[in-house]
Amino acid sequence: DGLRRCFEGSLPGSGGLVAWLNLGALAELHAGALIAVAPAPTGHTLRMLGSANHFRQFGEARDAMQAKHRGMVQQFMRRNVRDAIDDYITRFEADAQRRRELLKTFVPVFLSEPWVVEQTLRLTAEVREEGIEVPFAILNRAVIDVDWARDRDLQKRDAAARKKIAGTVVDARRSCVPLDSPDVLQSYLLGQI
(Lines give C-alpha, C1' and ligand atoms only; values in the text may rest on other atoms or scores of the structure.)
Protein backbone atom coordinates (compact mmCIF):
# COMPACT_ATOMS: atom_id res chain seq x y z
CA ASP A 1 0.00 0.00 0.00
CA GLY A 2 2.76 2.45 0.87
CA LEU A 3 4.57 1.62 -2.35
CA ARG A 4 1.37 2.09 -4.35
CA ARG A 5 0.80 5.53 -2.74
CA CYS A 6 4.40 6.46 -3.60
CA PHE A 7 3.88 5.50 -7.26
CA GLU A 8 0.53 7.22 -7.54
CA GLY A 9 1.80 10.47 -6.10
CA SER A 10 5.23 11.10 -7.47
CA LEU A 11 6.56 9.15 -10.44
CA PRO A 12 5.84 9.87 -14.11
CA GLY A 13 4.23 6.83 -15.72
CA SER A 14 3.22 5.56 -12.29
CA GLY A 15 -0.18 4.46 -13.60
CA GLY A 16 1.51 1.71 -15.62
CA LEU A 17 3.51 0.62 -12.60
CA VAL A 18 0.41 0.40 -10.41
CA ALA A 19 -1.43 -1.44 -13.20
CA TRP A 20 1.48 -3.87 -13.43
CA LEU A 21 1.34 -4.45 -9.64
CA ASN A 22 -2.38 -5.17 -9.85
CA LEU A 23 -2.11 -7.43 -12.92
CA GLY A 24 0.73 -9.36 -11.33
CA ALA A 25 -1.25 -9.86 -8.14
CA LEU A 26 -4.30 -11.04 -10.12
CA ALA A 27 -2.20 -13.43 -12.20
CA GLU A 28 -0.61 -14.92 -9.11
CA LEU A 29 -3.96 -15.31 -7.33
CA HIS A 30 -5.58 -16.96 -10.36
CA ALA A 31 -2.86 -19.17 -11.82
CA GLY A 32 -3.75 -20.41 -15.29
CA ALA A 33 -6.58 -17.90 -15.75
CA LEU A 34 -6.91 -15.65 -18.75
CA ILE A 35 -6.84 -12.00 -17.70
CA ALA A 36 -8.28 -9.52 -20.20
CA VAL A 37 -7.19 -5.90 -19.95
CA ALA A 38 -8.60 -2.95 -21.85
CA PRO A 39 -5.66 -0.55 -21.62
CA ALA A 40 -5.33 3.02 -22.79
CA PRO A 41 -3.89 3.79 -26.24
CA THR A 42 -0.69 2.26 -27.60
CA GLY A 43 1.83 4.46 -25.78
CA HIS A 44 0.24 3.77 -22.39
CA THR A 45 0.04 0.05 -23.12
CA LEU A 46 3.71 -0.08 -24.09
CA ARG A 47 4.67 1.79 -20.92
CA MET A 48 2.61 -0.64 -18.86
CA LEU A 49 4.20 -3.65 -20.57
CA GLY A 50 7.64 -2.09 -20.04
CA SER A 51 6.97 -1.54 -16.36
CA ALA A 52 9.09 -4.55 -15.41
CA ASN A 53 12.12 -2.54 -16.54
CA HIS A 54 10.94 0.42 -14.48
CA PHE A 55 10.62 -1.86 -11.47
CA ARG A 56 14.18 -3.08 -12.01
CA GLN A 57 15.47 0.50 -12.27
CA PHE A 58 13.46 1.53 -9.22
CA GLY A 59 14.89 -1.43 -7.27
CA GLU A 60 18.42 -0.51 -8.36
CA ALA A 61 17.91 3.09 -7.21
CA ARG A 62 16.56 1.93 -3.85
CA ASP A 63 19.45 -0.51 -3.50
CA ALA A 64 21.93 2.32 -4.19
CA MET A 65 20.31 4.42 -1.46
CA GLN A 66 20.35 1.45 0.90
CA ALA A 67 24.06 0.91 0.16
CA LYS A 68 24.69 4.44 1.46
CA HIS A 69 22.71 3.55 4.58
CA ARG A 70 24.76 0.38 5.08
CA GLY A 71 27.96 2.40 4.61
CA MET A 72 26.89 4.88 7.29
CA VAL A 73 25.99 2.08 9.70
CA GLN A 74 29.38 0.48 9.01
CA GLN A 75 31.16 3.80 9.54
CA PHE A 76 29.43 4.87 12.76
CA MET A 77 28.52 1.58 14.42
CA ARG A 78 31.42 -0.54 13.17
CA ARG A 79 29.21 -3.42 12.11
CA ASN A 80 27.68 -4.83 8.95
CA VAL A 81 23.94 -4.84 8.89
CA ARG A 82 21.23 -6.09 6.59
CA ASP A 83 17.83 -4.89 7.65
CA ALA A 84 14.20 -5.18 6.59
CA ILE A 85 14.74 -2.69 3.74
CA ASP A 86 17.43 -4.92 2.22
CA ASP A 87 15.03 -7.87 2.38
CA TYR A 88 12.26 -5.75 0.87
CA ILE A 89 14.46 -4.69 -2.07
CA THR A 90 15.45 -8.28 -2.77
CA ARG A 91 11.81 -9.41 -2.62
CA PHE A 92 10.67 -6.44 -4.75
CA GLU A 93 13.11 -7.29 -7.55
CA ALA A 94 12.18 -10.99 -7.45
CA ASP A 95 8.45 -10.14 -7.57
CA ALA A 96 8.95 -7.82 -10.56
CA GLN A 97 10.88 -10.48 -12.48
CA ARG A 98 8.39 -13.24 -11.63
CA ARG A 99 5.41 -11.11 -12.64
CA ARG A 100 7.03 -10.13 -15.94
CA GLU A 101 7.53 -13.81 -16.73
CA LEU A 102 3.79 -14.42 -16.24
CA LEU A 103 3.00 -12.33 -19.33
CA LYS A 104 3.54 -14.73 -22.19
CA THR A 105 0.80 -13.85 -24.67
CA PHE A 106 -0.71 -10.58 -25.87
CA VAL A 107 -3.80 -10.33 -28.13
CA PRO A 108 -4.44 -6.85 -29.53
CA VAL A 109 -8.01 -5.75 -30.22
CA PHE A 110 -8.29 -3.09 -32.90
CA LEU A 111 -10.68 -1.19 -35.15
CA SER A 112 -10.27 -1.01 -38.92
CA GLU A 113 -9.69 2.75 -38.96
CA PRO A 114 -6.34 3.36 -40.74
CA TRP A 115 -4.73 5.19 -37.81
CA VAL A 116 -5.76 2.44 -35.39
CA VAL A 117 -4.38 -0.22 -37.74
CA GLU A 118 -1.01 1.61 -37.84
CA GLN A 119 -0.94 1.84 -34.04
CA THR A 120 -1.81 -1.87 -33.78
CA LEU A 121 1.08 -2.75 -36.11
CA ARG A 122 3.45 -0.65 -33.96
CA LEU A 123 2.14 -2.19 -30.74
CA THR A 124 2.39 -5.74 -32.07
CA ALA A 125 5.97 -5.23 -33.28
CA GLU A 126 7.13 -3.75 -29.97
CA VAL A 127 5.38 -6.42 -27.91
CA ARG A 128 7.09 -9.13 -29.97
CA GLU A 129 10.45 -7.40 -29.43
CA GLU A 130 9.82 -7.86 -25.69
CA GLY A 131 9.59 -11.61 -26.32
CA ILE A 132 5.82 -11.78 -25.87
CA GLU A 133 3.83 -13.96 -28.28
CA VAL A 134 1.06 -12.35 -30.37
CA PRO A 135 -0.83 -15.38 -31.75
CA PHE A 136 -3.66 -13.41 -33.37
CA ALA A 137 -5.45 -10.05 -33.35
CA ILE A 138 -9.14 -9.27 -32.93
CA LEU A 139 -10.90 -6.90 -35.34
CA ASN A 140 -13.50 -5.21 -33.16
CA ARG A 141 -16.87 -4.10 -34.55
CA ALA A 142 -16.34 -6.08 -37.75
CA VAL A 143 -19.15 -5.69 -40.27
CA ILE A 144 -20.44 -9.18 -40.99
CA ASP A 145 -23.99 -8.53 -42.18
CA VAL A 146 -24.63 -5.60 -44.50
CA ASP A 147 -27.66 -3.69 -43.23
CA TRP A 148 -27.26 -0.49 -45.24
CA ALA A 149 -25.09 1.09 -47.94
CA ARG A 150 -22.46 2.45 -45.56
CA ASP A 151 -21.78 -1.11 -44.38
CA ARG A 152 -20.28 -1.97 -47.79
CA ASP A 153 -17.67 0.77 -47.32
CA LEU A 154 -16.98 -0.44 -43.79
CA GLN A 155 -16.60 -4.02 -45.04
CA LYS A 156 -13.99 -2.81 -47.55
CA ARG A 157 -12.15 -0.97 -44.76
CA ASP A 158 -12.31 -4.11 -42.59
CA ALA A 159 -10.88 -6.21 -45.46
CA ALA A 160 -8.01 -3.75 -45.96
CA ALA A 161 -7.26 -3.83 -42.23
CA ARG A 162 -7.24 -7.64 -42.11
CA LYS A 163 -4.81 -7.69 -45.04
CA LYS A 164 -2.47 -5.17 -43.40
CA ILE A 165 -2.31 -6.95 -40.03
CA ALA A 166 0.14 -9.84 -40.37
CA GLY A 167 -1.08 -13.19 -39.12
CA THR A 168 -4.48 -14.38 -38.03
CA VAL A 169 -7.27 -11.86 -37.51
CA VAL A 170 -10.44 -12.92 -35.70
CA ASP A 171 -13.60 -10.87 -36.27
CA ALA A 172 -15.63 -9.61 -33.32
CA ARG A 173 -18.87 -8.56 -34.96
CA ARG A 174 -20.65 -5.34 -34.10
CA SER A 175 -23.00 -5.38 -31.16
CA CYS A 176 -26.00 -3.12 -30.70
CA VAL A 177 -25.92 -3.54 -26.93
CA PRO A 178 -23.12 -2.80 -24.48
CA LEU A 179 -21.09 -5.92 -23.65
CA ASP A 180 -20.80 -4.92 -20.02
CA SER A 181 -21.58 -8.05 -18.04
CA PRO A 182 -20.54 -11.71 -18.18
CA ASP A 183 -24.10 -12.79 -19.11
CA VAL A 184 -24.40 -10.31 -21.99
CA LEU A 185 -20.90 -11.17 -23.21
CA GLN A 186 -21.73 -14.89 -23.13
CA SER A 187 -24.94 -14.26 -25.13
CA TYR A 188 -22.91 -12.24 -27.66
CA LEU A 189 -20.30 -14.99 -28.02
CA LEU A 190 -23.03 -17.58 -28.55
CA GLY A 191 -24.60 -15.39 -31.27
CA GLN A 192 -27.79 -14.87 -29.28
CA ILE A 193 -27.67 -11.07 -29.45
# chains A, B, ... in the order shown; residues from 1 in each chain; ligands from 1
>>> select_by_dssp(residues="stretch 98-193 of chain A", states="alpha helix (DSSP H)", output="ChimeraX atom specification")
/A:98-102,114-129,149-164,182-189
>>> residues_around(residues="A:Ile193", least_positions_apart="5", cutoff="8 Å", atoms="only C-alpha atoms", output="short mmCIF file (atom, residue, chain, number, x, y, z; two decimals) with N, CA, C and O atoms, in the first residue's frame")
data_model
loop_
_atom_site.label_atom_id
_atom_site.label_comp_id
_atom_site.auth_asym_id
_atom_site.auth_seq_id
_atom_site.Cartn_x
_atom_site.Cartn_y
_atom_site.Cartn_z
N SER A 175 -21.93 -5.09 -32.10
CA SER A 175 -23.00 -5.38 -31.16
C SER A 175 -23.82 -4.11 -30.96
O SER A 175 -23.27 -3.02 -30.87
N SER A 187 -23.89 -14.25 -24.10
CA SER A 187 -24.94 -14.26 -25.13
C SER A 187 -24.38 -13.79 -26.47
O SER A 187 -24.71 -14.35 -27.51
N TYR A 188 -23.55 -12.77 -26.43
CA TYR A 188 -22.91 -12.24 -27.66
C TYR A 188 -22.03 -13.31 -28.31
O TYR A 188 -22.11 -13.56 -29.50
#
>>> residues_around(residues="stretch 120-125 of chain A", least_positions_apart="3", cutoff="7 Å", atoms="only C-alpha atoms", output="list of chain:residue names")
A:Thr42, A:Phe110, A:Val116, A:Val117, A:Arg128, A:Glu129, A:Val134, A:Ile165
>>> residues_around(residues="A:Lys163", least_positions_apart="2", cutoff="12 Å", atoms="only C-alpha atoms", output="list in words")
Ser112, Pro114, Val117, Leu121, Ala137, Leu139, Lys156, Arg157, Asp158, Ala159, Ala160, Ala161, Ile165, Ala166, Gly167, Thr168 and Val169 of chain A
>>> select_by_dssp(residues="stretch 56-185 of chain A", states="strand (DSSP E or B)", output="ChimeraX atom specification")
/A:105,109-110,133,136-142,168-173
>>> atom_distance(atom1="atom CA of A:Asp95", atom2="atom CA of A:Ala36")
21.0 Å
>>> atom_distance(atom1="atom CA of A:Asp153", atom2="atom CA of A:Asp171")
16.6 Å
>>> atom_distance(atom1="atom CA of A:Leu26", atom2="atom CA of A:Gln97")
15.4 Å
>>> residues_around(residues="A:Arg141", least_positions_apart="3", cutoff="12 Å", atoms="only C-alpha atoms", output="PDB file with N, CA and C atoms, in the first residue's frame")
ATOM      1  N   VAL A 109      -6.667  -5.931 -29.681  1.00  0.00           N
ATOM      2  CA  VAL A 109      -8.007  -5.749 -30.216  1.00  0.00           C
ATOM      3  C   VAL A 109      -7.994  -4.387 -30.895  1.00  0.00           C
ATOM      4  N   PHE A 110      -8.419  -4.335 -32.154  1.00  0.00           N
ATOM      5  CA  PHE A 110      -8.293  -3.090 -32.903  1.00  0.00           C
ATOM      6  C   PHE A 110      -9.524  -2.828 -33.754  1.00  0.00           C
ATOM      7  N   LEU A 111      -9.656  -1.589 -34.193  1.00  0.00           N
ATOM      8  CA  LEU A 111     -10.680  -1.185 -35.148  1.00  0.00           C
ATOM      9  C   LEU A 111     -10.032  -1.067 -36.519  1.00  0.00           C
ATOM     10  N   SER A 112     -10.839  -1.037 -37.569  1.00  0.00           N
ATOM     11  CA  SER A 112     -10.274  -1.010 -38.921  1.00  0.00           C
ATOM     12  C   SER A 112      -9.932   0.395 -39.409  1.00  0.00           C
ATOM     13  N   GLU A 113     -10.074   1.393 -38.559  1.00  0.00           N
ATOM     14  CA  GLU A 113      -9.693   2.753 -38.957  1.00  0.00           C
ATOM     15  C   GLU A 113      -8.195   2.776 -39.235  1.00  0.00           C
ATOM     16  N   ILE A 138      -7.680  -9.281 -32.837  1.00  0.00           N
ATOM     17  CA  ILE A 138      -9.143  -9.273 -32.934  1.00  0.00           C
ATOM     18  C   ILE A 138      -9.594  -7.961 -33.569  1.00  0.00           C
ATOM     19  N   ILE A 144     -20.197  -7.841 -40.439  1.00  0.00           N
ATOM     20  CA  ILE A 144     -20.442  -9.179 -40.987  1.00  0.00           C
ATOM     21  C   ILE A 144     -21.657  -9.135 -41.915  1.00  0.00           C
ATOM     22  N   ASP A 145     -22.758  -8.635 -41.396  1.00  0.00           N
ATOM     23  CA  ASP A 145     -23.993  -8.534 -42.182  1.00  0.00           C
ATOM     24  C   ASP A 145     -24.169  -7.096 -42.653  1.00  0.00           C
ATOM     25  N   ASP A 151     -22.423   0.141 -44.809  1.00  0.00           N
ATOM     26  CA  ASP A 151     -21.783  -1.108 -44.378  1.00  0.00           C
ATOM     27  C   ASP A 151     -20.829  -1.659 -45.436  1.00  0.00           C
ATOM     28  N   LEU A 154     -17.629   0.049 -45.009  1.00  0.00           N
ATOM     29  CA  LEU A 154     -16.978  -0.444 -43.788  1.00  0.00           C
ATOM     30  C   LEU A 154     -16.411  -1.844 -44.005  1.00  0.00           C
ATOM     31  N   GLN A 155     -17.118  -2.684 -44.739  1.00  0.00           N
ATOM     32  CA  GLN A 155     -16.601  -4.019 -45.036  1.00  0.00           C
ATOM     33  C   GLN A 155     -15.304  -3.936 -45.831  1.00  0.00           C
ATOM     34  N   ARG A 157     -13.165  -1.440 -45.713  1.00  0.00           N
ATOM     35  CA  ARG A 157     -12.146  -0.975 -44.765  1.00  0.00           C
ATOM     36  C   ARG A 157     -11.699  -2.126 -43.870  1.00  0.00           C
ATOM     37  N   ASP A 158     -12.652  -2.934 -43.424  1.00  0.00           N
ATOM     38  CA  ASP A 158     -12.308  -4.106 -42.594  1.00  0.00           C
ATOM     39  C   ASP A 158     -11.383  -5.056 -43.363  1.00  0.00           C
ATOM     40  N   VAL A 170      -9.138 -12.374 -36.073  1.00  0.00           N
ATOM     41  CA  VAL A 170     -10.442 -12.925 -35.702  1.00  0.00           C
ATOM     42  C   VAL A 170     -11.422 -11.759 -35.642  1.00  0.00           C
ATOM     43  N   ASP A 171     -12.587 -11.929 -36.270  1.00  0.00           N
ATOM     44  CA  ASP A 171     -13.599 -10.871 -36.266  1.00  0.00           C
ATOM     45  C   ASP A 171     -14.443 -10.934 -35.001  1.00  0.00           C
ATOM     46  N   ALA A 172     -14.660  -9.772 -34.397  1.00  0.00           N
ATOM     47  CA  ALA A 172     -15.630  -9.613 -33.316  1.00  0.00           C
ATOM     48  C   ALA A 172     -16.716  -8.702 -33.894  1.00  0.00           C
ATOM     49  N   ARG A 173     -17.829  -9.311 -34.267  1.00  0.00           N
ATOM     50  CA  ARG A 173     -18.873  -8.564 -34.964  1.00  0.00           C
ATOM     51  C   ARG A 173     -19.440  -7.431 -34.100  1.00  0.00           C
ATOM     52  N   ARG A 174     -20.039  -6.476 -34.798  1.00  0.00           N
ATOM     53  CA  ARG A 174     -20.651  -5.339 -34.102  1.00  0.00           C
ATOM     54  C   ARG A 174     -21.744  -5.825 -33.169  1.00  0.00           C
ATOM     55  N   SER A 175     -21.925  -5.088 -32.095  1.00  0.00           N
ATOM     56  CA  SER A 175     -23.003  -5.378 -31.161  1.00  0.00           C
ATOM     57  C   SER A 175     -23.820  -4.113 -30.960  1.00  0.00           C
ATOM     58  N   CYS A 176     -25.119  -4.272 -30.904  1.00  0.00           N
ATOM     59  CA  CYS A 176     -25.996  -3.115 -30.696  1.00  0.00           C
ATOM     60  C   CYS A 176     -26.276  -2.871 -29.224  1.00  0.00           C
ATOM     61  N   VAL A 177     -25.746  -3.721 -28.379  1.00  0.00           N
ATOM     62  CA  VAL A 177     -25.917  -3.543 -26.931  1.00  0.00           C
ATOM     63  C   VAL A 177     -24.539  -3.516 -26.279  1.00  0.00           C
ATOM     64  N   PRO A 178     -24.408  -2.812 -25.170  1.00  0.00           N
ATOM     65  CA  PRO A 178     -23.115  -2.801 -24.478  1.00  0.00           C
ATOM     66  C   PRO A 178     -22.781  -4.200 -23.944  1.00  0.00           C
ATOM     67  N   LEU A 179     -21.549  -4.611 -24.150  1.00  0.00           N
ATOM     68  CA  LEU A 179     -21.093  -5.918 -23.649  1.00  0.00           C
ATOM     69  C   LEU A 179     -20.453  -5.680 -22.288  1.00  0.00           C
TER      70      LEU A 179
END
>>> closest_residue(among="A:Leu189, A:Leu103, A:Lys68, A:Ile132", to="A:Ala27", atoms="only C-alpha atoms")
A:Leu103
